[in-house]
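Asks: Next comes the structure file structure.txt, holding compact mmCIF, C-alpha atoms.
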# COMPACT_ATOMS: atom_id res chain seq x y z
CA MET A 142 -48.81 70.30 152.48
CA ASN A 143 -48.89 68.23 155.64
CA PRO A 144 -46.48 65.31 156.23
CA LYS A 145 -49.11 62.69 155.26
CA GLN A 146 -49.68 64.33 151.95
CA LEU A 147 -45.95 64.67 151.49
CA ALA A 148 -45.54 60.98 152.21
CA CYS A 149 -48.21 60.18 149.61
CA VAL A 150 -46.50 62.31 147.01
CA LEU A 151 -43.20 60.63 147.79
CA LEU A 152 -44.80 57.20 147.46
CA LEU A 153 -46.34 58.21 144.14
CA LEU A 154 -42.94 59.36 142.94
CA VAL A 155 -41.39 56.08 144.02
CA ILE A 156 -44.18 54.18 142.24
CA GLY A 157 -43.61 56.25 139.10
CA GLY A 158 -39.86 55.71 139.29
CA MET A 159 -40.26 51.97 139.74
CA THR A 160 -42.74 51.69 136.90
CA TYR A 161 -40.60 53.81 134.63
CA THR A 162 -37.45 51.80 135.41
CA ALA A 163 -39.32 48.53 134.86
CA GLN A 164 -40.61 49.84 131.55
CA ILE A 165 -37.14 50.95 130.42
CA ILE A 166 -35.69 47.57 131.33
CA HIS A 167 -38.59 45.79 129.66
CA ASN A 168 -38.08 47.79 126.47
CA LYS A 169 -34.39 46.97 126.53
CA VAL A 170 -35.18 43.28 126.95
CA THR A 171 -37.75 43.44 124.16
CA THR A 172 -35.15 45.03 121.86
CA THR A 173 -32.63 42.34 122.78
CA ARG A 174 -35.20 39.61 122.16
CA THR A 175 -36.03 41.14 118.79
CA GLU A 176 -32.34 41.22 117.93
CA ALA A 177 -32.02 37.61 119.02
CA GLN A 178 -34.98 36.68 116.83
CA GLU A 179 -33.47 38.57 113.91
CA ALA A 180 -30.15 36.82 114.48
CA GLU A 181 -32.04 33.52 114.55
CA ASP A 182 -33.78 34.39 111.27
CA SER A 183 -30.55 35.41 109.58
CA ALA A 184 -28.89 32.22 110.86
CA THR A 185 -31.74 30.21 109.35
CA THR A 186 -31.39 32.13 106.07
CA ALA A 187 -27.63 31.56 106.06
CA GLU A 188 -28.20 27.84 106.67
CA GLN A 189 -30.64 27.68 103.77
CA GLU A 190 -28.16 29.53 101.55
CA ARG A 191 -25.44 27.13 102.64
CA GLU A 192 -27.65 24.14 101.82
CA THR A 193 -28.53 25.65 98.42
CA ALA A 194 -24.87 26.36 97.66
CA GLU A 195 -23.90 22.83 98.70
CA ILE A 196 -26.62 21.30 96.53
CA GLN A 197 -25.64 23.46 93.55
CA THR A 198 -21.98 22.55 94.01
CA THR A 199 -22.77 18.85 94.26
CA VAL A 200 -24.99 18.97 91.17
CA LEU A 201 -22.35 20.90 89.21
CA LYS A 202 -19.66 18.50 90.36
CA THR A 203 -21.69 15.56 89.08
CA ASP A 204 -22.71 17.29 85.84
CA THR A 205 -19.18 18.35 84.93
CA GLU A 206 -17.42 15.20 86.09
CA ASP A 207 -16.87 13.87 82.55
CA VAL A 208 -15.68 17.12 81.07
CA ARG A 209 -13.34 17.78 84.01
CA ARG A 210 -11.93 14.26 83.73
CA PHE A 211 -11.37 15.02 80.05
CA LEU A 212 -9.41 18.14 80.99
CA ARG A 213 -7.34 16.30 83.59
CA GLY A 214 -6.49 13.73 80.93
CA TRP A 215 -5.32 16.40 78.50
CA LEU A 216 -3.45 18.64 80.95
CA PRO A 217 -0.09 16.80 80.65
CA ALA A 218 -0.19 17.16 76.85
CA ILE A 219 -1.15 20.82 77.11
CA GLU A 220 1.59 21.57 79.63
CA ARG A 221 4.19 19.71 77.56
CA VAL A 222 4.18 22.35 74.81
CA GLN A 223 4.25 25.88 76.15
CA THR A 224 6.80 27.51 73.84
CA GLN A 225 7.68 27.54 70.16
CA GLN A 226 11.04 25.94 70.99
CA GLU A 227 9.35 22.99 72.66
CA ALA A 228 7.17 22.41 69.60
CA GLU A 229 10.18 22.63 67.27
CA GLN A 230 12.23 20.29 69.43
CA THR A 231 9.41 17.75 69.42
CA ILE A 232 9.19 17.87 65.61
CA GLU A 233 12.96 17.61 65.29
CA LEU A 234 13.09 14.63 67.65
CA SER A 235 10.26 12.91 65.83
CA LEU A 236 11.92 13.35 62.44
CA ARG A 237 15.19 12.02 63.79
CA GLU A 238 13.74 9.06 65.62
CA ARG A 239 11.54 8.05 62.70
CA GLY A 240 14.43 8.23 60.28
CA ILE A 241 13.04 10.96 58.05
CA ASN A 242 16.18 12.17 56.34
CA LEU A 243 14.80 14.05 53.40
CA VAL A 244 13.06 17.18 54.59
CA ARG A 245 12.52 19.25 51.48
CA SER A 246 11.21 22.31 53.26
CA ARG A 247 10.41 23.31 56.76
CA LYS A 248 8.96 26.48 58.12
CA THR A 249 7.82 27.32 61.63
CA GLU A 250 6.19 30.54 62.64
CA LEU A 251 4.44 31.83 65.69
CA LYS A 252 0.88 32.98 65.20
CA ALA A 253 -0.67 35.29 67.78
CA SER A 254 -4.39 35.53 68.32
CA THR A 255 -6.00 38.45 70.10
CA ASN A 256 -9.51 37.03 69.96
CA ASN A 257 -8.78 33.71 71.59
CA LYS A 258 -7.41 34.33 75.08
CA ILE A 259 -7.16 30.64 75.90
CA ILE A 260 -4.97 29.98 72.86
CA PRO A 261 -3.18 33.32 72.53
CA LYS A 262 -0.37 31.80 70.49
CA SER A 263 0.10 28.84 68.24
CA VAL A 264 2.99 27.45 66.30
CA LEU A 265 2.35 26.98 62.59
CA THR A 266 4.54 24.36 61.01
CA THR A 267 4.74 23.63 57.32
CA LEU A 268 6.82 20.68 56.30
CA THR A 269 7.55 18.72 53.16
CA ILE A 270 9.15 15.34 53.59
CA GLU A 271 9.97 12.57 51.18
CA GLU A 272 10.48 9.04 52.34
CA GLU A 273 9.17 5.50 52.02
CA TYR A 274 5.45 4.96 52.36
CA ALA A 275 5.65 3.29 55.77
CA LYS A 276 8.08 5.85 57.18
CA VAL A 277 5.98 8.78 56.03
CA LEU A 278 2.74 7.47 57.51
CA ASN A 279 4.47 6.28 60.68
CA TRP A 280 6.01 9.72 61.11
CA LEU A 281 2.59 11.32 60.68
CA GLY A 282 1.22 9.05 63.40
CA ASP A 283 4.23 9.75 65.59
CA ILE A 284 3.94 13.52 65.35
CA GLU A 285 0.23 13.30 66.11
CA ARG A 286 1.07 11.19 69.16
CA ARG A 287 3.86 13.51 70.34
CA LEU A 288 1.83 16.66 69.72
CA PRO A 289 -1.68 15.41 70.41
CA THR A 290 -3.09 18.93 70.66
CA ALA A 291 -1.74 19.87 67.23
CA ARG A 292 -4.37 20.42 64.57
CA MET A 293 -3.40 19.06 61.16
CA LYS A 294 -4.61 21.64 58.70
CA VAL A 295 -3.39 20.18 55.43
CA VAL A 296 -1.97 16.78 54.66
CA GLN A 297 -1.17 16.11 51.03
CA ILE A 298 0.46 12.89 49.95
CA THR A 299 1.75 12.46 46.42
CA GLY A 300 4.26 10.29 44.69
CA GLY A 301 7.91 10.91 45.44
CA SER A 302 10.93 11.18 43.21
CA THR A 303 11.22 7.40 43.06
CA GLY A 304 8.50 4.76 42.88
CA ARG A 305 9.05 3.62 46.47
CA GLN A 306 8.87 7.05 47.93
CA LEU A 307 6.04 9.34 48.95
CA LYS A 308 6.11 13.07 49.29
CA MET A 309 4.03 14.53 52.06
CA ASP A 310 3.22 18.19 52.49
CA VAL A 311 1.90 18.75 55.93
CA SER A 312 0.82 21.88 57.68
CA PHE A 313 -0.22 21.85 61.29
CA GLU A 314 -0.96 24.23 64.11
CA THR A 315 0.27 23.49 67.62
CA PRO A 316 -1.64 25.54 70.18
CA ILE A 317 0.03 27.09 73.18
CA PHE A 318 -2.71 27.07 75.73
CA ASN A 319 -3.01 29.65 78.46
CA LEU A 320 -5.66 28.08 80.64
CA ALA A 321 -5.22 30.73 83.34
CA ALA A 322 -6.80 33.21 80.94
CA ALA A 323 -9.98 31.15 80.94
CA ASP A 324 -11.00 32.67 84.28
CA ALA A 325 -10.94 36.14 82.75
CA GLU A 326 -12.86 35.04 79.69
CA LYS A 327 -15.40 32.95 81.58
CA PRO A 328 -18.86 34.52 81.54
CA LYS A 329 -19.95 35.75 84.92
CA ALA A 330 -22.02 33.22 86.82
CA LYS A 331 -25.60 34.31 87.40
CA MET B 20 -48.18 49.53 185.76
CA SER B 21 -50.89 51.54 187.52
CA GLU B 22 -54.39 51.82 186.10
CA TYR B 23 -53.99 55.60 185.96
CA LEU B 24 -51.08 55.43 183.61
CA CYS B 25 -52.79 52.93 181.35
CA HIS B 26 -55.80 55.09 181.20
CA ASP B 27 -53.59 58.08 180.48
CA PHE B 28 -52.05 56.33 177.45
CA LYS B 29 -55.51 55.63 175.98
CA THR B 30 -56.56 59.22 176.19
CA PRO B 31 -57.53 60.34 172.65
CA ARG B 32 -55.09 62.68 171.05
CA THR B 33 -56.10 65.43 168.75
CA ASP B 34 -54.60 65.15 165.21
CA THR B 35 -51.72 67.47 164.49
CA SER B 36 -52.62 67.49 160.77
CA ARG B 37 -55.73 66.91 158.75
CA ARG B 38 -56.66 63.32 157.84
CA LEU B 39 -55.98 62.26 154.25
CA PRO B 40 -58.93 61.76 151.96
CA SER B 41 -60.07 58.12 151.86
CA SER B 42 -58.97 57.70 148.23
CA PHE B 43 -55.37 58.43 149.25
CA ARG B 44 -55.42 55.31 151.36
CA ALA B 45 -55.06 53.29 148.15
CA ILE B 46 -51.61 54.79 147.55
CA PRO B 47 -49.70 52.44 149.89
CA ILE B 48 -51.58 49.50 148.34
CA ILE B 49 -50.61 50.72 144.87
CA PHE B 50 -47.04 51.10 146.10
CA TYR B 51 -46.86 47.50 147.25
CA VAL B 52 -48.56 46.26 144.08
CA ALA B 53 -46.13 48.31 141.95
CA LEU B 54 -43.21 47.04 144.03
CA VAL B 55 -44.22 43.42 143.63
CA GLY B 56 -45.17 43.91 139.96
CA SER B 57 -41.94 45.69 139.09
CA ALA B 58 -39.91 43.08 140.94
CA TYR B 59 -41.71 40.31 139.02
CA VAL B 60 -41.39 42.04 135.64
CA MET B 61 -37.72 42.88 136.18
CA THR B 62 -36.92 39.38 137.39
CA MET B 63 -38.62 37.86 134.36
CA ASP B 64 -36.92 40.42 132.12
CA TYR B 65 -33.56 39.54 133.60
CA PHE B 66 -34.00 35.87 132.72
CA ASN B 67 -35.42 36.71 129.32
CA TYR B 68 -32.50 39.06 128.67
CA LYS B 69 -29.98 36.38 129.56
CA LYS B 70 -31.81 33.86 127.39
CA ALA B 71 -32.04 36.31 124.47
CA LEU B 72 -28.33 37.11 124.74
CA THR B 73 -27.44 33.41 124.67
CA GLN B 74 -29.82 32.82 121.76
CA LYS B 75 -28.36 35.79 119.87
CA THR B 76 -24.77 34.66 120.43
CA GLU B 77 -25.57 31.11 119.34
CA ALA B 78 -27.49 32.33 116.29
CA GLU B 79 -24.64 34.60 115.25
CA GLU B 80 -22.16 31.76 115.59
CA ARG B 81 -24.42 29.53 113.50
CA ARG B 82 -24.80 32.28 110.92
CA LYS B 83 -21.04 32.83 110.71
CA LEU B 84 -20.41 29.11 110.38
CA SER B 85 -23.10 28.74 107.73
CA GLU B 86 -21.80 31.76 105.84
CA SER B 87 -18.24 30.46 105.85
CA GLN B 88 -19.46 27.05 104.63
CA ARG B 89 -21.63 28.75 102.01
CA ASP B 90 -18.67 30.85 100.84
CA ALA B 91 -16.52 27.73 100.68
CA SER B 92 -19.19 25.98 98.61
CA LYS B 93 -19.47 28.99 96.31
CA ALA B 94 -15.70 29.11 95.91
CA GLU B 95 -15.67 25.41 95.09
CA LYS B 96 -18.52 25.94 92.61
CA ALA B 97 -16.63 28.79 90.96
CA GLU B 98 -13.57 26.55 90.73
CA LEU B 99 -15.65 23.79 89.16
CA GLU B 100 -17.21 26.23 86.69
CA SER B 101 -13.78 27.53 85.75
CA GLU B 102 -12.45 24.01 85.28
CA ALA B 103 -15.50 23.02 83.21
CA PHE B 104 -15.13 26.15 81.09
CA LYS B 105 -11.47 25.36 80.41
CA ALA B 106 -12.39 21.78 79.61
CA GLU B 107 -15.05 22.93 77.15
CA LYS B 108 -12.58 25.22 75.40
CA VAL B 109 -9.98 22.45 75.21
CA ALA B 110 -12.63 20.00 73.97
CA GLU B 111 -13.71 22.54 71.36
CA TRP B 112 -10.15 22.68 70.06
CA MET B 113 -9.57 18.97 70.30
CA GLU B 114 -12.74 18.24 68.33
CA GLY B 115 -10.94 19.79 65.38
CA ALA B 116 -7.63 18.12 66.14
CA ARG B 117 -8.48 14.48 65.64
CA ASN B 118 -5.73 12.36 64.16
CA ILE B 119 -5.45 12.24 60.40
CA GLN B 120 -2.93 9.45 60.11
CA PRO B 121 -5.54 6.68 60.64
CA ILE B 122 -7.54 8.15 57.74
CA ALA B 123 -4.52 8.12 55.44
CA VAL B 124 -3.71 4.55 56.47
CA LYS B 125 -7.32 3.40 55.97
CA ILE B 126 -7.41 4.92 52.49
CA ALA B 127 -4.13 3.30 51.54
CA ARG B 128 -5.22 -0.10 52.84
CA ALA B 129 -8.67 0.02 51.27
CA VAL B 130 -7.30 0.21 47.74
CA GLN B 131 -6.37 -2.92 45.78
CA ALA B 132 -2.87 -3.31 44.37
CA GLU B 133 -3.94 -2.75 40.75
CA THR B 134 -5.38 0.67 41.54
CA ARG B 135 -2.92 3.49 41.91
CA ILE B 136 -3.48 6.48 44.14
CA THR B 137 -1.57 9.45 42.79
CA GLN B 138 -2.64 11.94 45.39
CA VAL B 139 -4.41 12.08 48.70
CA ALA B 140 -5.15 15.43 50.26
CA LEU B 141 -6.88 16.10 53.52
CA GLU B 142 -7.67 19.69 54.33
CA ARG B 143 -9.32 20.81 57.50
CA SER B 144 -12.24 23.19 57.22
CA GLU B 145 -11.58 26.65 58.66
CA GLN B 146 -15.20 27.14 59.71
CA VAL B 147 -15.82 23.64 61.09
CA PRO B 148 -12.41 22.20 61.96
CA ALA B 149 -13.89 18.79 62.71
CA ASN B 150 -14.72 18.40 59.01
CA LEU B 151 -12.10 17.42 56.49
CA ALA B 152 -12.07 18.01 52.77
CA LEU B 153 -10.82 14.82 51.13
CA THR B 154 -9.36 14.72 47.67
CA ILE B 155 -8.11 11.50 46.10
CA HIS B 156 -6.72 11.03 42.61
CA LEU B 157 -6.87 7.45 41.43
CA ASN B 158 -6.37 5.56 38.27
CA GLY B 159 -7.31 1.98 37.62
CA SER B 160 -10.05 -0.18 36.24
CA LYS B 161 -12.24 -0.50 39.34
CA VAL B 162 -12.23 3.04 40.62
CA SER B 163 -15.90 3.10 41.66
CA SER B 164 -15.62 -0.03 43.77
CA GLU B 165 -12.36 1.26 45.24
CA LEU B 166 -13.99 4.52 46.23
CA SER B 167 -16.84 2.60 47.77
CA ALA B 168 -14.29 0.54 49.73
CA ILE B 169 -12.57 3.73 50.86
CA GLU B 170 -15.88 5.18 52.07
CA ASN B 171 -16.64 1.96 53.95
CA ALA B 172 -13.18 1.98 55.49
CA LEU B 173 -13.61 5.58 56.59
CA GLY B 174 -17.01 4.65 58.03
CA GLN B 175 -15.13 2.36 60.43
CA LEU B 176 -13.39 5.48 61.72
CA LEU B 177 -16.85 7.07 62.13
CA TYR B 178 -16.35 9.42 59.18
CA ARG B 179 -19.13 9.83 56.65
CA SER B 180 -18.51 11.18 53.16
CA TYR B 181 -20.70 14.18 52.61
CA SER B 182 -21.52 15.27 49.04
CA PRO B 183 -18.92 13.11 47.27
CA GLN B 184 -18.07 14.09 43.72
CA GLN B 185 -16.13 12.29 41.05
CA THR B 186 -14.64 13.84 37.96
CA LYS B 187 -12.71 11.99 35.32
CA ASN B 188 -9.63 13.66 33.95
CA GLY B 189 -8.14 11.33 31.39
CA ASP B 190 -7.22 8.10 33.18
CA VAL B 191 -7.35 9.78 36.55
CA VAL B 192 -10.52 9.96 38.60
CA GLU B 193 -10.64 12.86 40.99
CA TYR B 194 -12.74 12.20 44.05
CA HIS B 195 -13.78 15.03 46.38
CA SER B 196 -15.85 14.77 49.51
CA THR B 197 -16.19 16.27 52.93
CA LEU B 198 -15.56 13.91 55.80
CA VAL B 199 -17.95 14.53 58.64
CA ARG B 200 -17.36 12.70 61.85
CA GLN B 201 -20.35 10.86 63.26
CA SER B 202 -21.06 10.95 66.96
CA GLU B 203 -20.35 7.62 68.66
Take the structure from the file and write it as structure tokens.

Replies:
Amino acid sequence: MNPKQLACVLLLLVIGGMTYTAQIIHNKVTTTRTEAQEAEDSATTAEQERETAEIQTTVLKTDTEDVRRFLRGWLPAIERVQTQQEAEQTIELSLRERGINLVRSRKTELKASTNNKIIPKSVLTTLTIEEEYAKVLNWLGDIERRLPTARMKVVQITGGSTGRQLKMDVSFETPIFNLAAADAEKPKAK
Amino acid sequence: MSEYLCHDFKTPRTDTSRRLPSSFRAIPIIFYVALVGSAYVMTMDYFNYKKALTQKTEAEERRKLSESQRDASKAEKAELESEAFKAEKVAEWMEGARNIQPIAVKIARAVQAETRITQVALERSEQVPANLALTIHLNGSKVSSELSAIENALGQLLYRSYSPQQTKNGDVVEYHSTLVRQSE
């Protein structure tokens, strides 16, 4: 091989090297551009998901506004009675303040529920009082005001031992709410 | 410079090696074209690479921001759902915990002085706690009109008497009905 031919071969090698390098770099750039495009697409998808989530949240906020306001209104009453002692104290205070002196019988027991996680316990109170008509009914109103979450199960009013008096047998259930358990019981959102 | 020397320089020289074929003369041209082409492509690639990197970085930042906002929205939605669920459970309970005292007072006030109520019993239904079983024992001369007055009075509290029944037991009329609360 003479020097001219050698020079040609060298030039061809240089051309090949340059072309190859340019191709490698071009491929690298193409890959980077593809990645950038993919990042752009995923950013667009994430933005759409964000918009969807924001719309859903706003709609839910509007739809549940009334029911959540209802809960906020009841929370103080729910938090007021969290133990059997608190329920008993409230009944005791109500009887004393309303001047109910004749309590013929009184029984309080704690009822546990395994099915209802939100109301795992409730205080069952059975009471028989005998007093004047106005005092009896006022006491009933007072206990319903003091224990607004209590569910009156039985109220039976009959005549008392004297003509002026009424006898009232009342049985009511005061729930002890455990609202934190609602998260566990809540059905999974789709 | 003398003419002899100039002439001597122009004397043809014999080639030391064989001439290249004519097609090989294109190689330098191809070299220059490849050089210019590669330089152009690599320059353009450099700018495109920089642009793509910037675009990728910006897109990833946007994605992260959107994802964090989306997660925050989802968390807020979950919180709202939880709160609504609690509220529904509380409302479910409270629906069966409406006050009874106003009913007792209404019954007592609806009856005239000459009629005597010997017993009033209100019992909450186990299955539907919002419903109340009402039992009243009365004696007097105008029991039917008194019961009608009681039903009207209870209607003011949005309670409707469902399947009322009356049975007479001597002088005492026993009245039974189920009080169903009407929606407002």

Asks: If you count all atoms listed in the file, which residues fall within 8 Å of segment 38-53 of chain B, apart from same-chain ones fewer than 5 positions away, as a ChimeraX atom specification?

Replies: /A:145-146,149,152-153,155-156,159-160

Asks: Could you write out the selected residues, including C-alpha atoms, as a PDB file, in the frame of the given file?

Replies:
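Output file selection-v4.pdb is given in full below:
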ATOM      1  CA  LYS A 145     -49.110  62.690 155.260  1.00  0.00           C
ATOM      2  CA  GLN A 146     -49.680  64.330 151.950  1.00  0.00           C
ATOM      3  CA  CYS A 149     -48.210  60.180 149.610  1.00  0.00           C
ATOM      4  CA  LEU A 152     -44.800  57.200 147.460  1.00  0.00           C
ATOM      5  CA  LEU A 153     -46.340  58.210 144.140  1.00  0.00           C
ATOM      6  CA  VAL A 155     -41.390  56.080 144.020  1.00  0.00           C
ATOM      7  CA  ILE A 156     -44.180  54.180 142.240  1.00  0.00           C
ATOM      8  CA  MET A 159     -40.260  51.970 139.740  1.00  0.00           C
ATOM      9  CA  THR A 160     -42.740  51.690 136.900  1.00  0.00           C
TER      10      THR A 160
END

Asks: Segment 56-68 of chain B: which residues within 12 Å, counting only C-alpha atoms, same-chain residues fewer than 4 positions away excluded, as a PyMOL selection string?

Replies: (chain A and resi 155-177) or (chain B and resi 48-52+72-75)

Asks: Please list as a list in words every residue within 6 Å of segment 285-300 of chain A, counting all atoms listed in the file and excluding residues in the same chain fewer than 5 positions away.

Replies: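 In the requested format, the answer is Leu307, Lys308, Met309, Asp310, Val311, Ser312, Phe313, Glu314 and Thr315 of chain A; Ala116, Thr137, Gln138, Val139, Ala140, Leu141, Glu142 and Arg143 of chain B.
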
Asks: I'd like the interatomic distance between atom CA of Lys105 of chain B and atom CA of Val264 of chain A, to a tenth of an Å.

Replies: 20.3 Å

Asks: Considering all atoms listed in the file, state which residue in the set A:Val208, A:Ile317, A:Ala325, A:Ala148 is at the smallest distance from chain B.

Replies: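 Closest to chain B, using all atoms listed in the file: A:Val208.
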
Asks: One number please: atom CA of Thr267 of chain A to atom CA of Ile232 of chain A, in Å, one decimal.

Replies: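 Here the two named atoms are 11.0 Å from each other.
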
Asks: I'd like a table as a tab-separated table: residues in segment 154-259 of chain A with an atom no more than 6 Å from segment 82-86 of chain B, each row giving the shortest atom pair and its distance in Å to one decimal, only C-alpha atoms counted, sorted by chain and rising residue number.

Replies:
residue	atom	partner	partner_atom	distance
A:Ala184	CA	B:Arg82	CA	4.1
A:Ala187	CA	B:Ser85	CA	5.6
A:Glu188	CA	B:Ser85	CA	5.3
A:Arg191	CA	B:Ser85	CA	5.8

Asks: Give the centre and edge lengths of an axis-aligned box, in Å to one decimal, that holds all listed atoms of segment 144-157 of chain A with 5 Å on each side, as AutoDock Vina command-line options.

Replies:
--center_x -45.5 --center_y 59.7 --center_z 147.7 --size_x 18.3 --size_y 21.1 --size_z 27.1

Asks: Counting only C-alpha atoms, figure out which residue out of A:Ser246, A:Thr193, A:Gln226, A:Thr198 gets nearest to chain B.

Replies: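 That would be A:Thr198, the residue with the smallest distance to chain B.
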
Asks: So how far away is atom CA of Tyr194 of chain B from atom CA of Asn171 of chain B, in Å?

Replies: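 These atoms are spaced 14.8 Å apart.
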
Asks: Which protein, DNA or RNA residues have an atom at most 6 Å from (-13.3, 15.5, 51.7), counting all atoms listed in the file? List them as JSON, numbers by chain.

Replies: {"B": [151, 152, 153, 154, 195, 196, 197, 198]}

Asks: What's the 12 Å shell around Ser164 of chain B, counting only C-alpha atoms, without same-chain residues fewer than 4 positions away, as an mmCIF file with C-alpha atoms, in the coordinates of the input?

Replies:
data_model
loop_
_atom_site.group_PDB
_atom_site.id
_atom_site.type_symbol
_atom_site.label_atom_id
_atom_site.label_comp_id
_atom_site.auth_asym_id
_atom_site.auth_seq_id
_atom_site.Cartn_x
_atom_site.Cartn_y
_atom_site.Cartn_z
ATOM 1 C CA ALA B 129 -8.670 0.020 51.270
ATOM 2 C CA VAL B 130 -7.300 0.210 47.740
ATOM 3 C CA GLN B 131 -6.370 -2.920 45.780
ATOM 4 C CA THR B 134 -5.380 0.670 41.540
ATOM 5 C CA LEU B 157 -6.870 7.450 41.430
ATOM 6 C CA GLY B 159 -7.310 1.980 37.620
ATOM 7 C CA SER B 160 -10.050 -0.180 36.240
ATOM 8 C CA ALA B 168 -14.290 0.540 49.730
ATOM 9 C CA ILE B 169 -12.570 3.730 50.860
ATOM 10 C CA GLU B 170 -15.880 5.180 52.070
ATOM 11 C CA ASN B 171 -16.640 1.960 53.950
#

Asks: Which of these residues is nearest to Ala275 of chain A, using only C-alpha atoms: B:Ala97, B:Ala123, B:Ala78, B:Ile136?

Replies: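 Selected residue with least distance to Ala275 of chain A: B:Ala123.
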